[in-house]
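First up is the structure itself, then whatever we jot down about it.
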Amino acid sequence: MAIINLNVNGKTLSVDVDPSTPLLWVLRDHLNLVGTKFGCGMAQCGACTVHLNGNAIRSCTLPVSSVKTNAIVTIEGLSEKGDHPLQQAWEELDVSQCGYCQAGQIMSAAALLKRNPKPTDQDIDNAMSGNICRCGTHVRIRKAIHLAAKKSKK
Amino acid sequence: MATTHSRRNFLKVSALSGGGMLISFSLLNLTAEAKALEDVVFTPNAYIKINADGSIVLFAPNPEIGQGVKTSLPMIVAEELGVDWRKIKVELAPLDSRMGRQTAGGSGSVRGRFTELRTVGATAREMLIAAAAQQWNVSAAECTVDNGEVIHKTSGRKLSYASLASAAAKLEVPTKPALKDPKEFKLIGTRVQDVDAHKIVTGQPLFGIDTRREGMLFAMVSRPPAYGKTLGEVNDAAALKIDGVKKVVKIKNAVAVLATSTWAAKKGRDALVIQWNATEKLENTAEHFATFKTMLDKPTATPQRNDGDVDAAAQGAVKVLDVTYEIPTLSHGQMEPLNFFANVQDGKVELFGPTQVPAAVRTEVSKQLGIPEANITISSPRQGGGFGRKLMTDNGVEAALISAAAQCPVQVQWTREDDMQNDFYRPAEMWRYRAALSATDLLSWHQSGVGIGRGVRGDSYVAGAIANYRAEGQGLTSNTPTGWWRAPGANTLAYVAESFMDELCTALKKDPVAFRLALLKKAKEQTVGKINYDPEKYKSVIDLVVKMSKWGTKTPGVFRGFSTWFSFGSYVAQVVDVQMVDGQPKVKKVYCAVNCGRVINLSGAENQVQGSIVDGICHAMFPKVTFVNGAVVETNFHQYKFLRMKDAPTEIEVQFVESDEAPTGLGEPALPPVAAALANAIFAATGKRLRKLPFAEQLG
Ligand code: FES
Ligand code: FES
């Protein structure tokens with residue numbers, strides 16, 4: 001066990017954990033931020049996607065000891081009021097089915113929009129292909145990303 | 001006062017629906033119920049609650065696995081009740097003997113409950129109207145409802161449901177409330193967002209995996225690494241040394257490690273040294289298929305159906321088609337790995353977790369722990385997919401056994417690898433299809449299938465349209481477990497039958513749509529034997545998809561496939577347009593026409609159909625499970641491949657045939673036809689007939 005300081009959703013938090021613990025489980029089990037989901041544990045499905053300094057990363061394979069002072073943002077911290085353009089678009093187009101993959105999808109999409117505010121279908125395909133959705137909400141996800149891009153321009 | 005009246009109503013309504021079990025429910029849960037009722041003014045049945053503060057809660061009776069019933073079922077109640085949808089709250093109901101079949105499976109939730117839930121809403125509406133009429137001293141017939149208020153039509157006076165609730169609670173429960181004229185529906189048939197949409201996109205705790213309780217430990221379980229192996233010696237010394245690991249317990253054929261965090265439990269589980277002994281045959285996929293082949297070569301004595309004489313018909317044939325199709329084993333791969341919370345203490349059990357069959361879990365836990373069902377409560381959270389996996393009770397029962405052995409509340413978490421190796425798989429199958437053709441027509445159809453675990457059925461569509469028709473099925477016994485996988489039976493049969501139909505069209509040089517319509521005409525006008533489908537409804541979806549897709553027109557570089565299937569009461573026809581890119585199909589557009597009776601939630605219905613199509617394309621293209629010595633080769637998503645965004649169709653257009661009939665299934669029926677539509681499009685593009693799933697590894 002070791003005391004580790006983390007910068008999560010703009011707050012400095014300290015946890016006493018086994019340093020080899022993947023960030024995912026620190027968020028879920030120790031910080032009670034359960035919005036980030038577990039799907040595969042080997043960077044294959046994207047359910048655990050969070051932002052590390054604004055980049056989308058898979059938290060299931062990142063040992064908490066290597067996070068250091070880098071800023072982490074989870075789905076809970078994506079927007080203050082739950083009204084990020086992507087969150088709005090997701091609700092408006094009723095994207096979710098089971099909903100389990102969607103936090104990860106939104107975090108991947110948010111990183112995409114940050115570096116590419118007007119993505120094409122091709123850009124979306126590339127950025128979102130690390131996220132699996134077993135329910136098959138892909139067509140609505142694509143639409144929602146375009147809608148969010150439009151919303152953010154205003 | 002409120003409590004007494006509410007309980008009286010509980011009993012009355014129970015008598016109405018003939019549920020004698022309610023009494024035991026009420027007595028056993030007396031304290032809990034009394035407490036829950038403190039603030040409840042009016043609860044005419046298990047589905048509706050009007051609280052003292054005027055808030056209205058509707059309970060969704062069936063498990064929510066992503067099929068949208070937490071939204072669509074309460075919509076039906078709300079429609080008849082006459083409330084403002086935006087102002088009510090929806091909750092998932094726990095297992096409750098007053099609520100009938102609380103199962104998610106067989107596309108049955110809406111199908112089975114439509115009239116019941118309308119009645120539920122109408123009962124409450126009539127009682128609220130009666131209460132208002134009494135107060136105004138007018139006749140109930142002069143009153144109507146809207147947005148949670150009773151309105152006196154002539155005077156325009158209004159009373160809110162909240163203000164009427166306690167008076168309504170004292171009234172007799174009507175036995176035959178009048179249902180609304182469907183023409184007056186305001187909510188049913190509209191687009192309504194999933195009730196959890198906001199919680200989902202903001203990451204609020206909703207799922208079984210998010211369960212956190214006082215004193216709870218996390219558990220991971222070491223289960224047999226292969227089918228046919230049994231637990232031997234266990235050495236847990238290293239596991240117990242890991243920081244955070246609290247206990248190791250043995251249950252049946254597995255060992256659980258309990259710890260203060262998921263990661264510690266996993267590290268502990270992985271540190272167990274266990275000897276697994278092979279006590280049964282360790283099976284291989286290659287052997288399964290070799291056996292299938294020999295089984296298919298022999299005719300079976302008792303076909304499921306035998307119209308006319310297929311062998312005699314073949315005598316006069318100009319051409320005979322004789323082809324074999326292969327279907328791999330599949331895992332469910334629902335996104336949320338299995339988990340379950342259990343707390344077994346002092347002869348009482350609390351269960352909470354993902355299941356499609358809460359009643360069956362309770363029964364099984366009761367049996368295995370020797371605790372009466374009455375002492376077991378169970379409810380399920382929103383679930384990260386089901387697809388049939390959670391029709392099995394193993395995850396819930398295992399958690400209960402672990403909690404009982406460890407004597408503490410426990411949240412058991414499975415890894416993806418655990419899920420892959422411990423599934424109840426969509427069984428592998430092999431099909432032989434034979435047809436005799438004259439120069440211009442189909443003379444006979446002979447299908448013969450073999451699958452693991454259970455036989456394969458062959459009594460559906462196309463039977464009844466052909467004078468000489470034979471269907472045979474055989475099962476192979478295996479110790480690899482099989483179960484239900486989204487649209488069981490239909491998902492493989494549709495692929496094979498509708499691909500073969502396309503082969504017939506090619507051989508006879510017929511248009512795939514015209515050929516099928518001619519068969520359906522025969523099925524309608526000169527029906528051979530019994531049929532389980534309605535040729536007119538089949539035609540309704542074919543006609544619609546022809547119109548949507550402008551069937552018969554051509555776009556350069558785009559190739560089309562057609563397919564249609566009937567399952568779970570609903571009819572679906574699809575046209576898939578593909579372009580070939582680097583040898584692989586890129587689906588440009590899928591057109592899909594559906595006849596599923598009345599649509600409840602248009603947004604949810606479209607989502608189900610689009611999702612089924614993507615799911616169907618995914619499983620036609622990519623994943624398969626291979627057993628080697630009883631162990632699954634594909635341990636995680638790096639080997640068990642799913643469709644990615646880049647592989648998803650560019651567009652899916654869905655239309656529903658207008659219908660006033662009661663709703664039929666929708667969580668499954670759009671999946672079965674799509675694999676064949678895709679295979680037929682790939683054939684149109686490449687001339688290559690794909691008689692084996694999955695496709696991607698055979699292309700490019
Ligand atoms: S859980 Fe991290 S990518 Fe799947
Ligand atoms: S919505 Fe169920 S996995 Fe994506």
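Residues in the structure tokens are numbered from 1 in each chain, the chains being A, B, ... in the order shown, and ligands are numbered from 1 in the order shown.
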
Give me the residues of chain A that have any atom at most 8 Å from an atom of ligand 2; for each, the nearest atom pair and the distance in Å, rounded to one decimal. Use only C-alpha atoms and all ligand atoms, sort by chain and number, and format it as CSV.
residue,atom,partner,partner_atom_place_in_ligand_line,distance
A:Val95,CA,ligand 2,1 (S),7.7
A:Ser96,CA,ligand 2,1 (S),4.8
A:Gln97,CA,ligand 2,1 (S),4.2
A:Cys98,CA,ligand 2,2 (Fe),3.9
A:Gly99,CA,ligand 2,1 (S),4.0
A:Tyr100,CA,ligand 2,2 (Fe),5.1
A:Cys101,CA,ligand 2,4 (Fe),4.3
A:Gln102,CA,ligand 2,4 (Fe),5.8
A:Ile132,CA,ligand 2,3 (S),6.8
A:Cys133,CA,ligand 2,4 (Fe),3.7
A:Arg134,CA,ligand 2,3 (S),4.3
A:Cys135,CA,ligand 2,2 (Fe),4.3
A:Gly136,CA,ligand 2,4 (Fe),6.4
A:Thr137,CA,ligand 2,4 (Fe),6.1

Can you write out the residues you just picked, keeping all heavy atoms, as a CSV table (one decimal), in the first residue's frame?
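Result saved to out_27.csv:
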chain,number,residue,atom,x,y,z
A,95,VAL,N,-29.7,8.0,-27.4
A,95,VAL,CA,-28.7,7.0,-27.9
A,95,VAL,C,-28.7,5.7,-27.2
A,95,VAL,O,-28.6,4.6,-27.8
A,95,VAL,CB,-27.3,7.7,-27.8
A,95,VAL,CG1,-26.2,6.7,-28.2
A,95,VAL,CG2,-27.2,8.9,-28.8
A,96,SER,N,-28.8,5.7,-25.9
A,96,SER,CA,-28.5,4.6,-25.1
A,96,SER,C,-29.5,3.4,-25.2
A,96,SER,O,-30.7,3.7,-25.4
A,96,SER,CB,-28.4,4.9,-23.6
A,96,SER,OG,-27.5,5.9,-23.4
A,97,GLN,N,-29.0,2.2,-25.2
A,97,GLN,CA,-29.8,1.1,-25.0
A,97,GLN,C,-29.6,0.6,-23.5
A,97,GLN,O,-30.2,1.1,-22.6
A,97,GLN,CB,-29.6,0.0,-26.1
A,97,GLN,CG,-30.2,0.5,-27.4
A,97,GLN,CD,-30.1,-0.5,-28.5
A,97,GLN,OE1,-30.3,-1.7,-28.3
A,97,GLN,NE2,-29.9,0.0,-29.7
A,98,CYS,N,-28.7,-0.4,-23.4
A,98,CYS,CA,-28.5,-0.8,-22.0
A,98,CYS,C,-27.7,0.4,-21.2
A,98,CYS,O,-27.9,0.6,-20.1
A,98,CYS,CB,-27.7,-2.1,-21.9
A,98,CYS,SG,-25.9,-1.9,-22.1
A,99,GLY,N,-26.9,1.2,-22.0
A,99,GLY,CA,-26.3,2.3,-21.4
A,99,GLY,C,-24.9,2.1,-20.8
A,99,GLY,O,-24.2,3.0,-20.5
A,100,TYR,N,-24.5,0.8,-20.7
A,100,TYR,CA,-23.3,0.4,-20.0
A,100,TYR,C,-22.1,1.0,-20.7
A,100,TYR,O,-21.1,1.4,-20.0
A,100,TYR,CB,-23.2,-1.1,-19.9
A,100,TYR,CG,-22.1,-1.5,-18.9
A,100,TYR,CD1,-22.4,-1.5,-17.5
A,100,TYR,CD2,-20.9,-1.9,-19.3
A,100,TYR,CE1,-21.4,-1.9,-16.6
A,100,TYR,CE2,-19.9,-2.4,-18.4
A,100,TYR,CZ,-20.2,-2.3,-17.1
A,100,TYR,OH,-19.2,-2.7,-16.2
A,101,CYS,N,-22.0,1.0,-22.0
A,101,CYS,CA,-20.8,1.5,-22.7
A,101,CYS,C,-20.7,3.0,-22.8
A,101,CYS,O,-19.7,3.5,-23.2
A,101,CYS,CB,-20.7,0.9,-24.1
A,101,CYS,SG,-22.0,1.6,-25.2
A,102,GLN,N,-21.9,3.7,-22.5
A,102,GLN,CA,-22.0,5.0,-23.0
A,102,GLN,C,-21.1,6.1,-22.3
A,102,GLN,O,-20.7,7.0,-23.0
A,102,GLN,CB,-23.5,5.5,-22.9
A,102,GLN,CG,-24.4,4.6,-23.8
A,102,GLN,CD,-24.2,4.6,-25.3
A,102,GLN,OE1,-23.4,5.4,-25.8
A,102,GLN,NE2,-24.8,3.7,-26.0
A,132,ILE,N,-16.4,-0.5,-27.7
A,132,ILE,CA,-17.4,-1.5,-28.2
A,132,ILE,C,-18.8,-1.1,-27.6
A,132,ILE,O,-18.9,-0.6,-26.5
A,132,ILE,CB,-17.0,-2.9,-27.7
A,132,ILE,CG1,-15.8,-3.4,-28.4
A,132,ILE,CG2,-18.2,-3.9,-27.9
A,132,ILE,CD1,-15.2,-4.7,-27.8
A,133,CYS,N,-19.8,-1.3,-28.4
A,133,CYS,CA,-21.2,-1.3,-27.9
A,133,CYS,C,-21.9,-2.5,-28.4
A,133,CYS,O,-22.2,-2.7,-29.6
A,133,CYS,CB,-21.9,0.0,-28.5
A,133,CYS,SG,-23.7,-0.1,-28.0
A,134,ARG,N,-22.1,-3.4,-27.5
A,134,ARG,CA,-22.8,-4.7,-27.8
A,134,ARG,C,-24.2,-4.5,-28.3
A,134,ARG,O,-24.8,-5.2,-29.0
A,134,ARG,CB,-22.7,-5.7,-26.6
A,134,ARG,CG,-23.5,-6.9,-26.8
A,134,ARG,CD,-23.0,-7.9,-27.8
A,134,ARG,NE,-24.0,-8.6,-28.5
A,134,ARG,CZ,-24.6,-9.8,-28.1
A,134,ARG,NH1,-24.2,-10.3,-27.0
A,134,ARG,NH2,-25.6,-10.3,-28.8
A,135,CYS,N,-24.8,-3.4,-27.8
A,135,CYS,CA,-26.2,-3.2,-28.1
A,135,CYS,C,-26.4,-2.6,-29.5
A,135,CYS,O,-27.5,-2.6,-30.0
A,135,CYS,CB,-26.9,-2.2,-27.1
A,135,CYS,SG,-26.9,-2.9,-25.4
A,136,GLY,N,-25.3,-2.1,-30.1
A,136,GLY,CA,-25.4,-1.6,-31.5
A,136,GLY,C,-26.0,-0.2,-31.6
A,136,GLY,O,-26.8,0.0,-32.5
A,137,THR,N,-25.5,0.7,-30.8
A,137,THR,CA,-26.0,2.1,-30.9
A,137,THR,C,-25.2,3.0,-31.8
A,137,THR,O,-25.3,4.2,-31.8
A,137,THR,CB,-26.1,2.7,-29.5
A,137,THR,OG1,-24.7,2.8,-28.9
A,137,THR,CG2,-26.9,2.0,-28.5

Can you work out which residues are within 6 Å of ligand 1, considering only C-alpha atoms and all ligand atoms, and then hand them over as a list in words?
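Listing the residues within 6 Å of ligand 1 gives Phe38, Gly39, Cys40, Gly41, Met42, Ala43, Gln44, Cys45, Gly46, Ala47, Cys48, Arg58, Ser59 and Cys60 of chain A.
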
In terms of the shortest atom-to-atom distance over only C-alpha atoms, which of B:Thr527, B:Ser261, B:Asn680, B:Ser540 is closest to chain A?
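Ranked by minimum distance to chain A, first place goes to B:Ser261.
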
Can you check which residues of region 591-677 of chain B DSSP gives as strand (DSSP E or B) on the backbone and send them as number ranges by chain?
B: 591-595, 601, 625, 627-628, 631-632, 651-656

I want to know what sits within 10 Å of region 663-666 of chain B, based on only C-alpha atoms, with residues of the same chain fewer than 4 positions away left out; could you give that as a VMD selection string?
chain B and resid 67 105 to 115 567 to 571 594 to 600 604 to 606 608 to 609 612 659 670 to 671

Which residue is closest to Gly384 (chain B)? Choose from A:Leu27, A:Asn9, A:Lys37, A:Asp16 and count only C-alpha atoms.
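Looking at the shortest contact to Gly384 (chain B), the residue is A:Lys37.
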
For a quick test of understanding: name the residues of chain B lying within 8 Å of chain A when counting only C-alpha atoms, and present them as a PyMOL selection string.
chain B and resi 64-68+193-194+197-198+200-205+207+210+243+261-263+333-337+382-385+415-417+603-604+607-608+610-615+636-638+642-646+648-652

Step one, run DSSP on the backbone; step two, keep only residues of region 1-140 of chain A assigned to alpha helix (DSSP H); then write them as an MDAnalysis selection string.
chainID A and resid 23:25 85:92 102:115 121:128 138:140

Contacts of region 144-159 of chain B at 8 Å (only C-alpha atoms; same-chain gap of 4+ positions) as a ChimeraX atom specification:
/B:81-84,125,128-129,132,163-164

How would the residues just picked look written out with N, CA, C and O atoms as a PDB file, in the first residue's frame?
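Written output follows (part-v9.pdb):
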ATOM      1  N   LEU B  81     -53.664   6.029 -17.397  1.00  0.00           N
ATOM      2  CA  LEU B  81     -53.822   6.784 -16.148  1.00  0.00           C
ATOM      3  C   LEU B  81     -54.067   8.262 -16.452  1.00  0.00           C
ATOM      4  O   LEU B  81     -54.772   8.952 -15.719  1.00  0.00           O
ATOM      5  N   GLY B  82     -53.490   8.736 -17.552  1.00  0.00           N
ATOM      6  CA  GLY B  82     -53.704  10.124 -17.930  1.00  0.00           C
ATOM      7  C   GLY B  82     -52.833  11.099 -17.150  1.00  0.00           C
ATOM      8  O   GLY B  82     -53.310  12.099 -16.643  1.00  0.00           O
ATOM      9  N   VAL B  83     -51.548  10.754 -17.049  1.00  0.00           N
ATOM     10  CA  VAL B  83     -50.635  11.645 -16.322  1.00  0.00           C
ATOM     11  C   VAL B  83     -49.645  12.290 -17.289  1.00  0.00           C
ATOM     12  O   VAL B  83     -49.481  11.838 -18.416  1.00  0.00           O
ATOM     13  N   ASP B  84     -49.007  13.333 -16.830  1.00  0.00           N
ATOM     14  CA  ASP B  84     -47.976  14.002 -17.615  1.00  0.00           C
ATOM     15  C   ASP B  84     -46.688  13.183 -17.489  1.00  0.00           C
ATOM     16  O   ASP B  84     -46.116  13.081 -16.405  1.00  0.00           O
ATOM     17  N   ARG B 125     -57.356   5.256 -12.889  1.00  0.00           N
ATOM     18  CA  ARG B 125     -58.015   6.426 -13.469  1.00  0.00           C
ATOM     19  C   ARG B 125     -59.484   6.468 -13.051  1.00  0.00           C
ATOM     20  O   ARG B 125     -60.003   7.490 -12.611  1.00  0.00           O
ATOM     21  N   LEU B 128     -59.899   7.524  -9.467  1.00  0.00           N
ATOM     22  CA  LEU B 128     -59.656   8.955  -9.257  1.00  0.00           C
ATOM     23  C   LEU B 128     -60.844   9.765  -9.775  1.00  0.00           C
ATOM     24  O   LEU B 128     -61.285  10.738  -9.155  1.00  0.00           O
ATOM     25  N   ILE B 129     -61.387   9.340 -10.900  1.00  0.00           N
ATOM     26  CA  ILE B 129     -62.570  10.018 -11.447  1.00  0.00           C
ATOM     27  C   ILE B 129     -63.749   9.874 -10.473  1.00  0.00           C
ATOM     28  O   ILE B 129     -64.449  10.851 -10.179  1.00  0.00           O
ATOM     29  N   ALA B 132     -63.460  12.247  -7.643  1.00  0.00           N
ATOM     30  CA  ALA B 132     -63.765  13.627  -8.022  1.00  0.00           C
ATOM     31  C   ALA B 132     -65.268  13.808  -8.207  1.00  0.00           C
ATOM     32  O   ALA B 132     -65.853  14.794  -7.745  1.00  0.00           O
ATOM     33  N   SER B 163     -54.643  15.596  -4.939  1.00  0.00           N
ATOM     34  CA  SER B 163     -55.686  15.993  -3.990  1.00  0.00           C
ATOM     35  C   SER B 163     -56.780  14.937  -3.890  1.00  0.00           C
ATOM     36  O   SER B 163     -57.537  14.908  -2.918  1.00  0.00           O
ATOM     37  N   LEU B 164     -56.878  14.060  -4.888  1.00  0.00           N
ATOM     38  CA  LEU B 164     -57.943  13.046  -4.887  1.00  0.00           C
ATOM     39  C   LEU B 164     -57.476  11.712  -4.330  1.00  0.00           C
ATOM     40  O   LEU B 164     -58.277  10.816  -4.074  1.00  0.00           O
TER      41      LEU B 164
END

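Atom pair CA of Val496 (chain B) / CA of Leu517 (chain B) has a distance of 18.8 Å (rounded to one decimal).
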
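You can rank B:Val57, B:Ala301, B:Leu187, B:Ala428 by their closest distance to Gly451 (chain B) using only C-alpha atoms, and at the top of that list sits B:Ala428.
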
Near-Ala679 (chain B) list (12 Å; only C-alpha atoms; drop same-chain fewer than 2 positions) as a ChimeraX atom specification:
/B:494-503,559-563,575-578,584-585,587,616-617,620-621,673-677,681-696,698-699

When distances are computed from only C-alpha atoms, which of B:Met127, B:Met75, B:Leu508, B:Ala471 shows the smallest separation from Leu443 (chain B)?
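Residue with the minimum atom-to-atom distance to Leu443 (chain B): B:Leu508.
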